[in-house]
>>> print(open('target.cif').read())   # mmCIF, C-alpha atoms
data_coords
#
loop_
_atom_site.label_atom_id
_atom_site.label_comp_id
_atom_site.auth_asym_id
_atom_site.auth_seq_id
_atom_site.Cartn_x
_atom_site.Cartn_y
_atom_site.Cartn_z
CA MET B 280 6.29 55.19 -58.11
CA GLU B 281 8.39 55.34 -61.27
CA LEU B 282 11.08 52.74 -61.75
CA GLU B 283 14.66 53.88 -62.34
CA LEU B 284 15.67 51.78 -65.33
CA GLU B 285 18.70 51.38 -67.55
CA PRO B 286 18.78 49.49 -70.88
CA LEU B 287 19.43 45.76 -70.48
CA ARG B 288 21.71 45.61 -73.53
CA LEU B 289 21.72 41.82 -73.64
CA PRO B 290 23.03 40.26 -76.87
CA SER B 291 20.62 39.27 -79.65
CA ASP B 292 20.55 38.83 -83.41
CA ASN B 293 19.39 41.90 -85.30
CA GLU B 294 16.85 39.89 -87.28
CA ARG B 295 15.44 38.08 -84.25
CA PRO B 296 13.98 39.06 -80.88
CA PHE B 297 16.04 38.88 -77.74
CA VAL B 298 15.92 35.19 -76.69
CA ILE B 299 16.97 33.23 -73.61
CA SER B 300 16.90 29.48 -74.17
CA GLY B 301 17.97 26.27 -72.49
CA PRO B 302 16.59 23.35 -70.49
CA CYS B 303 14.04 23.60 -67.72
CA SER B 304 16.51 21.93 -65.36
CA ALA B 305 20.27 21.49 -65.29
CA GLU B 306 20.13 17.70 -64.97
CA THR B 307 23.66 16.54 -65.72
CA GLU B 308 26.83 18.20 -66.91
CA GLU B 309 26.60 16.31 -70.21
CA GLN B 310 22.98 17.38 -70.78
CA VAL B 311 23.78 21.03 -70.00
CA MET B 312 26.87 21.19 -72.22
CA THR B 313 25.25 19.30 -75.13
CA THR B 314 22.20 21.58 -75.14
CA ALA B 315 24.36 24.69 -74.79
CA ARG B 316 26.63 23.72 -77.68
CA GLN B 317 23.65 23.02 -79.93
CA LEU B 318 22.04 26.34 -79.05
CA ALA B 319 25.31 28.22 -79.57
CA MET B 320 25.60 26.69 -83.04
CA LYS B 321 22.13 28.07 -83.80
CA GLY B 322 23.20 31.57 -82.80
CA CYS B 323 21.75 31.67 -79.29
CA HIS B 324 23.43 34.27 -77.06
CA ASN B 325 21.71 33.69 -73.72
CA PHE B 326 21.52 30.29 -72.03
CA ARG B 327 19.10 29.36 -69.24
CA ALA B 328 18.79 26.35 -66.95
CA GLY B 329 17.05 25.80 -63.63
CA VAL B 330 19.49 25.00 -60.84
CA TRP B 331 16.93 25.06 -58.03
CA LYS B 332 13.52 23.77 -59.12
CA PRO B 333 10.45 24.52 -57.01
CA ARG B 334 8.00 21.66 -57.51
CA THR B 335 4.28 21.73 -56.77
CA LYS B 336 4.54 18.48 -54.79
CA PRO B 337 7.52 16.86 -53.05
CA GLY B 338 9.19 13.87 -54.62
CA GLY B 339 9.99 15.33 -58.03
CA PHE B 340 13.40 16.45 -59.25
CA GLU B 341 14.15 19.69 -57.40
CA GLY B 342 17.43 20.57 -59.08
CA ASN B 343 21.10 19.93 -58.40
CA GLY B 344 21.68 23.20 -56.58
CA GLU B 345 25.24 24.46 -56.24
CA LYS B 346 26.54 21.33 -57.94
CA ALA B 347 25.15 22.61 -61.26
CA LEU B 348 26.62 26.11 -61.08
CA PRO B 349 30.11 25.05 -62.33
CA TRP B 350 28.36 23.55 -65.38
CA MET B 351 26.77 26.94 -66.09
CA LYS B 352 30.15 28.59 -65.68
CA ALA B 353 31.62 26.11 -68.17
CA VAL B 354 28.88 26.96 -70.69
CA LYS B 355 29.83 30.62 -70.44
CA GLU B 356 33.55 29.92 -70.82
CA GLU B 357 33.21 27.52 -73.76
CA THR B 358 30.42 29.13 -75.81
CA GLY B 359 30.58 32.79 -74.83
CA MET B 360 26.86 32.79 -74.06
CA LEU B 361 25.53 34.66 -71.05
CA VAL B 362 24.02 32.28 -68.50
CA ALA B 363 20.80 32.69 -66.51
CA THR B 364 19.05 30.86 -63.71
CA GLU B 365 16.20 31.30 -61.21
CA VAL B 366 16.80 32.45 -57.64
CA ALA B 367 14.35 32.16 -54.76
CA THR B 368 16.42 32.81 -51.64
CA PRO B 369 19.29 35.11 -50.60
CA GLU B 370 21.56 32.03 -50.53
CA HIS B 371 20.73 31.39 -54.20
CA VAL B 372 21.71 34.97 -55.04
CA GLU B 373 24.99 34.66 -53.16
CA LEU B 374 25.93 31.42 -54.92
CA CYS B 375 25.01 32.75 -58.38
CA LEU B 376 27.20 35.80 -57.87
CA LYS B 377 30.02 33.55 -56.64
CA TYR B 378 29.91 31.48 -59.84
CA GLY B 379 29.47 34.43 -62.21
CA ILE B 380 25.89 33.86 -63.35
CA ASP B 381 25.07 36.76 -65.68
CA ILE B 382 21.27 36.99 -65.49
CA LEU B 383 18.88 36.16 -62.66
CA TRP B 384 15.16 35.63 -62.77
CA ILE B 385 12.63 35.34 -59.97
CA GLY B 386 9.84 32.77 -60.35
CA ALA B 387 6.08 33.13 -60.11
CA ARG B 388 5.78 31.49 -56.69
CA THR B 389 8.40 33.83 -55.25
CA SER B 390 7.09 37.03 -56.85
CA ALA B 391 3.73 36.35 -55.18
CA ASN B 392 5.35 36.60 -51.72
CA PRO B 393 6.36 40.13 -50.61
CA PHE B 394 8.45 38.72 -47.74
CA ALA B 395 10.48 36.57 -50.14
CA MET B 396 10.81 39.46 -52.60
CA GLN B 397 12.13 41.78 -49.91
CA ALA B 398 14.65 39.16 -48.79
CA LEU B 399 15.90 38.88 -52.38
CA ALA B 400 15.99 42.65 -52.73
CA ASP B 401 18.12 42.91 -49.59
CA ALA B 402 20.50 40.27 -50.99
CA LEU B 403 20.81 42.24 -54.25
CA GLN B 404 21.75 45.54 -52.62
CA GLY B 405 24.85 46.96 -54.30
CA VAL B 406 24.83 44.34 -57.09
CA ASP B 407 24.77 45.24 -60.79
CA VAL B 408 23.17 42.28 -62.56
CA PRO B 409 20.14 42.03 -64.86
CA VAL B 410 17.09 40.67 -63.02
CA PHE B 411 13.80 39.50 -64.54
CA VAL B 412 10.68 39.09 -62.40
CA LYS B 413 8.01 36.63 -63.51
CA ASN B 414 4.37 37.48 -62.98
CA PRO B 415 2.82 36.08 -59.78
CA VAL B 416 0.90 32.82 -60.01
CA ASN B 417 -2.41 34.69 -59.71
CA PRO B 418 -3.47 37.56 -61.99
CA ASP B 419 -2.54 40.42 -59.67
CA LEU B 420 -0.89 43.32 -61.51
CA GLU B 421 -0.25 45.34 -58.34
CA LEU B 422 1.57 42.40 -56.76
CA TRP B 423 3.72 42.07 -59.90
CA ILE B 424 4.54 45.78 -59.91
CA GLY B 425 5.28 45.65 -56.18
CA ALA B 426 7.77 42.83 -56.74
CA LEU B 427 9.48 44.85 -59.48
CA GLU B 428 9.57 47.94 -57.26
CA ARG B 429 11.26 46.04 -54.41
CA ILE B 430 14.06 44.87 -56.72
CA ASN B 431 14.40 48.31 -58.27
CA GLN B 432 14.63 49.98 -54.85
CA ALA B 433 17.57 47.66 -54.10
CA GLY B 434 19.46 49.45 -56.87
CA ILE B 435 18.82 47.00 -59.72
CA LYS B 436 18.23 49.19 -62.76
CA ARG B 437 18.71 46.56 -65.46
CA LEU B 438 15.29 45.13 -64.75
CA GLY B 439 12.74 43.21 -66.83
CA ALA B 440 9.48 41.31 -66.52
CA ILE B 441 8.63 37.80 -67.71
CA HIS B 442 5.05 36.99 -68.66
CA ARG B 443 4.48 33.27 -67.98
CA GLY B 444 0.68 33.25 -67.68
CA PHE B 445 -1.59 32.69 -64.69
CA SER B 446 -2.80 29.57 -62.93
CA SER B 447 -6.40 28.51 -63.43
CA TYR B 448 -8.50 25.94 -61.60
CA ASP B 449 -10.28 24.95 -64.80
CA LYS B 450 -8.49 22.80 -67.37
CA LYS B 451 -7.93 24.91 -70.44
CA ILE B 452 -5.93 24.63 -73.66
CA TYR B 453 -3.04 26.40 -71.94
CA ARG B 454 -1.10 25.31 -68.88
CA ASN B 455 -1.28 28.90 -67.65
CA MET B 456 -3.84 31.35 -69.02
CA PRO B 457 -2.10 34.13 -71.01
CA MET B 458 -4.47 36.93 -69.92
CA TRP B 459 -2.57 39.24 -72.28
CA GLN B 460 -4.40 42.29 -70.93
CA ILE B 461 -2.29 42.17 -67.75
CA PRO B 462 1.18 42.50 -69.36
CA ILE B 463 -0.36 45.02 -71.77
CA GLU B 464 -1.46 47.10 -68.78
CA LEU B 465 2.01 46.65 -67.24
CA ARG B 466 3.50 48.08 -70.44
CA ARG B 467 1.10 51.03 -70.28
CA ARG B 468 1.98 51.70 -66.65
CA ILE B 469 5.77 51.27 -67.05
CA PRO B 470 6.54 51.93 -70.75
CA ASP B 471 10.32 51.56 -70.47
CA LEU B 472 10.25 48.17 -68.71
CA PRO B 473 11.34 45.31 -71.00
CA ILE B 474 8.77 42.49 -71.03
CA ILE B 475 9.59 39.07 -72.41
CA CYS B 476 7.24 36.14 -72.94
CA ASP B 477 7.61 32.59 -71.60
CA PRO B 478 5.60 30.52 -74.12
CA SER B 479 6.82 27.25 -72.58
CA HIS B 480 5.03 27.84 -69.29
CA ILE B 481 2.00 29.49 -70.86
CA GLY B 482 1.46 26.66 -73.33
CA GLY B 483 2.64 23.67 -71.35
CA ARG B 484 2.86 21.74 -74.64
CA ARG B 485 5.51 22.08 -77.30
CA GLU B 486 3.02 22.44 -80.17
CA LEU B 487 1.75 25.69 -78.63
CA ILE B 488 5.16 27.37 -78.41
CA ALA B 489 5.36 28.66 -81.99
CA PRO B 490 1.94 30.39 -82.07
CA LEU B 491 2.51 31.88 -78.62
CA CYS B 492 5.90 33.25 -79.72
CA GLN B 493 4.26 34.92 -82.70
CA GLN B 494 1.45 36.30 -80.58
CA ALA B 495 3.97 37.80 -78.17
CA MET B 496 5.79 39.47 -81.06
CA ASP B 497 2.50 40.78 -82.48
CA LEU B 498 1.79 42.38 -79.10
CA GLY B 499 5.18 44.11 -79.05
CA PHE B 500 6.98 42.03 -76.43
CA ASP B 501 10.72 42.64 -76.23
CA GLY B 502 11.84 39.02 -76.33
CA LEU B 503 11.29 35.39 -75.39
CA ILE B 504 12.47 32.87 -72.81
CA VAL B 505 11.93 29.39 -74.22
CA GLU B 506 12.82 25.99 -72.79
CA SER B 507 15.06 23.86 -75.01
CA HIS B 508 16.56 20.44 -74.29
CA CYS B 509 18.89 18.20 -76.29
CA ASP B 510 16.49 15.27 -75.68
CA PRO B 511 13.14 16.75 -74.53
CA ASP B 512 11.23 13.48 -74.15
CA LYS B 513 13.75 12.35 -71.54
CA ALA B 514 13.77 15.61 -69.58
CA TRP B 515 13.58 15.27 -65.80
CA SER B 516 11.08 18.11 -65.49
CA ASP B 517 8.43 19.64 -67.79
CA ALA B 518 9.27 17.33 -70.68
CA LYS B 519 6.09 18.15 -72.64
CA GLN B 520 6.89 21.84 -72.98
CA GLN B 521 10.52 21.58 -74.11
CA VAL B 522 11.81 21.46 -77.68
CA THR B 523 15.17 20.77 -79.28
CA PRO B 524 17.55 23.57 -80.29
CA ASP B 525 16.76 22.73 -83.94
CA VAL B 526 13.06 23.35 -83.32
CA ILE B 527 13.74 26.61 -81.48
CA ASP B 528 15.83 27.78 -84.42
CA PHE B 529 13.04 26.85 -86.84
CA ILE B 530 10.39 28.66 -84.75
CA LEU B 531 12.51 31.81 -84.58
CA SER B 532 13.19 31.70 -88.32
CA LEU B 533 9.45 31.85 -89.02
CA LEU B 534 8.64 34.73 -86.67
CA ILE B 535 7.28 37.91 -88.23
CA ILE B 536 8.63 40.93 -86.35
CA ARG B 537 6.35 43.88 -86.92
CA ASP B 538 7.31 47.56 -86.80
CA GLU B 539 5.28 49.09 -83.98
CA ASN B 540 6.30 52.64 -84.90
CA THR B 541 5.28 52.65 -88.57
CA THR B 542 2.16 54.75 -89.18
CA THR B 543 0.32 55.46 -92.40
CA GLU B 544 -2.54 57.66 -93.41
CA GLY B 545 -4.74 54.56 -93.76
CA ILE B 546 -4.37 53.45 -90.16
CA THR B 547 -4.87 57.03 -88.96
CA GLN B 548 -8.27 57.10 -90.66
CA LEU B 549 -9.19 53.73 -89.15
CA ARG B 550 -8.22 54.98 -85.70
CA LYS B 551 -10.50 57.97 -86.18
CA GLN B 552 -13.32 55.52 -86.86
CA ILE B 553 -12.45 53.68 -83.64
CA ASP B 554 -12.56 56.97 -81.70
CA GLU B 555 -15.98 57.79 -83.15
CA LEU B 556 -17.31 54.32 -82.30
CA ASP B 557 -15.90 54.59 -78.77
CA ASN B 558 -17.79 57.88 -78.37
CA ASP B 559 -20.96 56.13 -79.54
CA LEU B 560 -20.34 53.31 -77.04
CA MET B 561 -19.97 55.81 -74.20
CA GLU B 562 -23.23 57.51 -75.16
CA LEU B 563 -25.04 54.15 -75.30
CA LEU B 564 -23.60 53.09 -71.94
CA SER B 565 -24.72 56.41 -70.47
CA LYS B 566 -28.27 55.83 -71.76
CA ARG B 567 -28.23 52.26 -70.41
CA MET B 568 -27.15 53.47 -66.96
CA ARG B 569 -29.90 56.07 -66.98
CA VAL B 570 -32.46 53.30 -67.52
CA CYS B 571 -30.77 51.23 -64.80
CA ARG B 572 -31.18 54.13 -62.36
CA GLU B 573 -34.88 54.32 -63.24
CA ILE B 574 -35.12 50.59 -62.47
CA GLY B 575 -33.35 51.31 -59.16
CA HIS B 576 -36.05 53.84 -58.22
CA TYR B 577 -38.73 51.29 -59.16
CA LYS B 578 -37.10 48.59 -57.01
CA LYS B 579 -36.88 50.99 -54.08
CA GLU B 580 -40.55 51.95 -54.37
CA HIS B 581 -41.61 48.29 -54.52
CA ASN B 582 -39.13 47.04 -51.88
CA MET B 583 -37.34 44.74 -54.37
CA THR B 584 -33.77 43.44 -54.04
CA VAL B 585 -31.21 44.99 -56.36
CA LEU B 586 -29.78 41.68 -57.57
CA GLN B 587 -32.14 39.62 -59.72
CA PRO B 588 -30.14 36.44 -60.55
CA THR B 589 -32.60 35.09 -63.13
CA ARG B 590 -32.50 38.31 -65.12
CA TYR B 591 -28.70 38.51 -64.80
CA ASN B 592 -28.23 34.97 -66.16
CA GLU B 593 -30.64 35.75 -68.98
CA ILE B 594 -28.55 38.76 -70.02
CA LEU B 595 -25.26 36.85 -69.93
CA ASN B 596 -26.57 33.87 -71.90
CA LYS B 597 -28.40 35.94 -74.47
CA ARG B 598 -25.56 38.40 -75.08
CA GLY B 599 -22.96 35.62 -75.14
CA ALA B 600 -24.85 33.81 -77.89
CA GLN B 601 -25.40 37.08 -79.73
CA GLY B 602 -21.69 37.89 -79.50
CA THR B 603 -20.78 34.53 -81.04
CA LEU B 604 -23.10 35.23 -83.97
CA CYS B 605 -21.37 38.60 -84.39
CA GLY B 606 -17.92 36.99 -84.59
CA MET B 607 -16.85 37.72 -81.00
CA ASP B 608 -15.66 35.32 -78.33
CA SER B 609 -18.51 34.51 -75.93
CA ASP B 610 -16.17 34.75 -72.92
CA PHE B 611 -15.20 38.28 -73.98
CA VAL B 612 -18.84 39.30 -74.24
CA LYS B 613 -19.52 37.77 -70.83
CA VAL B 614 -16.70 39.80 -69.24
CA VAL B 615 -18.03 43.01 -70.81
CA PHE B 616 -21.57 42.49 -69.59
CA GLU B 617 -20.39 41.37 -66.14
CA ALA B 618 -18.62 44.73 -65.85
CA VAL B 619 -21.68 46.60 -67.12
CA HIS B 620 -23.91 44.73 -64.65
CA GLN B 621 -21.52 45.45 -61.78
CA GLU B 622 -21.74 49.19 -62.48
CA SER B 623 -25.52 48.95 -62.82
CA VAL B 624 -25.76 47.27 -59.41
CA ARG B 625 -23.49 49.91 -57.86
CA GLN B 626 -25.67 52.75 -59.13
CA GLN B 627 -28.88 51.05 -58.03
CA MET B 628 -27.42 50.41 -54.56
CA GLU B 629 -26.74 54.14 -54.23
CA ILE B 630 -30.38 54.89 -55.06
CA ILE B 631 -31.83 52.27 -52.71
CA ASN B 632 -29.63 53.31 -49.79
CA LYS B 633 -30.35 57.04 -50.05
#
>>> encode(input="target.cif", output="structure tokens")
Amino acid sequence: MELELEPLRLPSDNERPFVISGPCSAETEEQVMTTARQLAMKGCHNFRAGVWKPRTKPGGFEGNGEKALPWMKAVKEETGMLVATEVATPEHVELCLKYGIDILWIGARTSANPFAMQALADALQGVDVPVFVKNPVNPDLELWIGALERINQAGIKRLGAIHRGFSSYDKKIYRNMPMWQIPIELRRRIPDLPIICDPSHIGGRRELIAPLCQQAMDLGFDGLIVESHCDPDKAWSDAKQQVTPDVIDFILSLLIIRDENTTTEGITQLRKQIDELDNDLMELLSKRMRVCREIGHYKKEHNMTVLQPTRYNEILNKRGAQGTLCGMDSDFVKVVFEAVHQESVRQQMEIINK
């Protein structure tokens, strides 16, 4: 289905992307107000703080709940900034509306649960407030779109998505793997949906925030949601991924915002070359599949299994090393040849089972 969307029209500086910033958690009134005042002095228009904090394990700081909402209201009254927080239950929605919270977002754990999303959608019926939906914990685009659709069907038309990366069992450089291809596909599927990037949760470390912000801008994201704390090292949650308002201001001042609509004759010619090379790739893939089908007939005649693990590993290792020598990431090459092999197996299975 197509989403019925209206422009968010949230305040931002003309020379900077749309930014929401503030601490991971609203810890104390003093911490909230100090951070908010510092951000306001740097020109921030949209303040965020977690009031309810879902933690992976019990025992950590899980937020102050309703107690913190008057602090958010005070930020709005004193600084003029819009205020935003995460909601996970209908009760959260009710309390945020009671205290005049301007922007709501729905976290990754909640967006992964259709029951929870529907409960939030029901609570938002008849409400006109901007809502952002973070990607689910796992890389499931359909689940993300389904979560957005539920909120949109409730009548929320000022809707946006937050890309915060995806959980991975393996320890990587990032806290959450960016997997940029998923928000890129979301943009292709729903072109008018604003998508903002959460470099704090993708990176998990403050030194990764600046390059992730720039990468998001290079990919045409509409804005950023970045965690900022007046004293990050003493933060009660996610201390390693928060930066001071001064650092946020410095990061934003260095961002290069590119014009996605500018076209020149030079890039048109380069795109023609890409189209020609893509045609060549399709022809080569067609020839490869033809050989794979011949192998399928051979395996059928000689009663061989379709999957030959030794040969498959040989292909992946050889092509991965070859890709590195050609200036490509070995993981990228592996993904390509895994997809090619999957299609080869499918075609051979058709032959064997005829």
>>> residues_around(input="target.cif", residues="B:Pro418", least_positions_apart="6", cutoff="9 Å", atoms="all atoms listed in the file", output="PDB file with C-alpha atoms, in the frame of the given file")
ATOM      1  CA  GLY B 444       0.680  33.250 -67.680  1.00  0.00           C
ATOM      2  CA  PHE B 445      -1.590  32.690 -64.690  1.00  0.00           C
ATOM      3  CA  SER B 446      -2.800  29.570 -62.930  1.00  0.00           C
ATOM      4  CA  MET B 458      -4.470  36.930 -69.920  1.00  0.00           C
ATOM      5  CA  ILE B 461      -2.290  42.170 -67.750  1.00  0.00           C
TER       6      ILE B 461
END
>>> atom_distance(input="target.cif", atom1="atom CA of B:Asp512", atom2="atom CA of B:Asp449")
26.1 Å
>>> closest_residue(input="target.cif", among="B:Leu465, B:Gly499, B:His480, B:Asn343", to="B:Asp419", atoms="only C-alpha atoms")
B:Leu465
>>> residues_near_point(input="target.cif", point="(-25.9, 40.9, -67.4)", cutoff="6 Å", atoms="all atoms listed in the file", output="mmCIF file with C-alpha atoms, in the coordinates of the input")
data_model
loop_
_atom_site.group_PDB
_atom_site.id
_atom_site.type_symbol
_atom_site.label_atom_id
_atom_site.label_comp_id
_atom_site.auth_asym_id
_atom_site.auth_seq_id
_atom_site.Cartn_x
_atom_site.Cartn_y
_atom_site.Cartn_z
ATOM 1 C CA TYR B 591 -28.700 38.510 -64.800
ATOM 2 C CA ILE B 594 -28.550 38.760 -70.020
ATOM 3 C CA LEU B 595 -25.260 36.850 -69.930
ATOM 4 C CA PHE B 616 -21.570 42.490 -69.590
ATOM 5 C CA GLU B 617 -20.390 41.370 -66.140
ATOM 6 C CA HIS B 620 -23.910 44.730 -64.650
#
>>> closest_residue(input="target.cif", among="B:Thr364, B:Thr358, B:Gln627, B:Asn414", to="B:His324", atoms="all atoms listed in the file")
B:Thr358
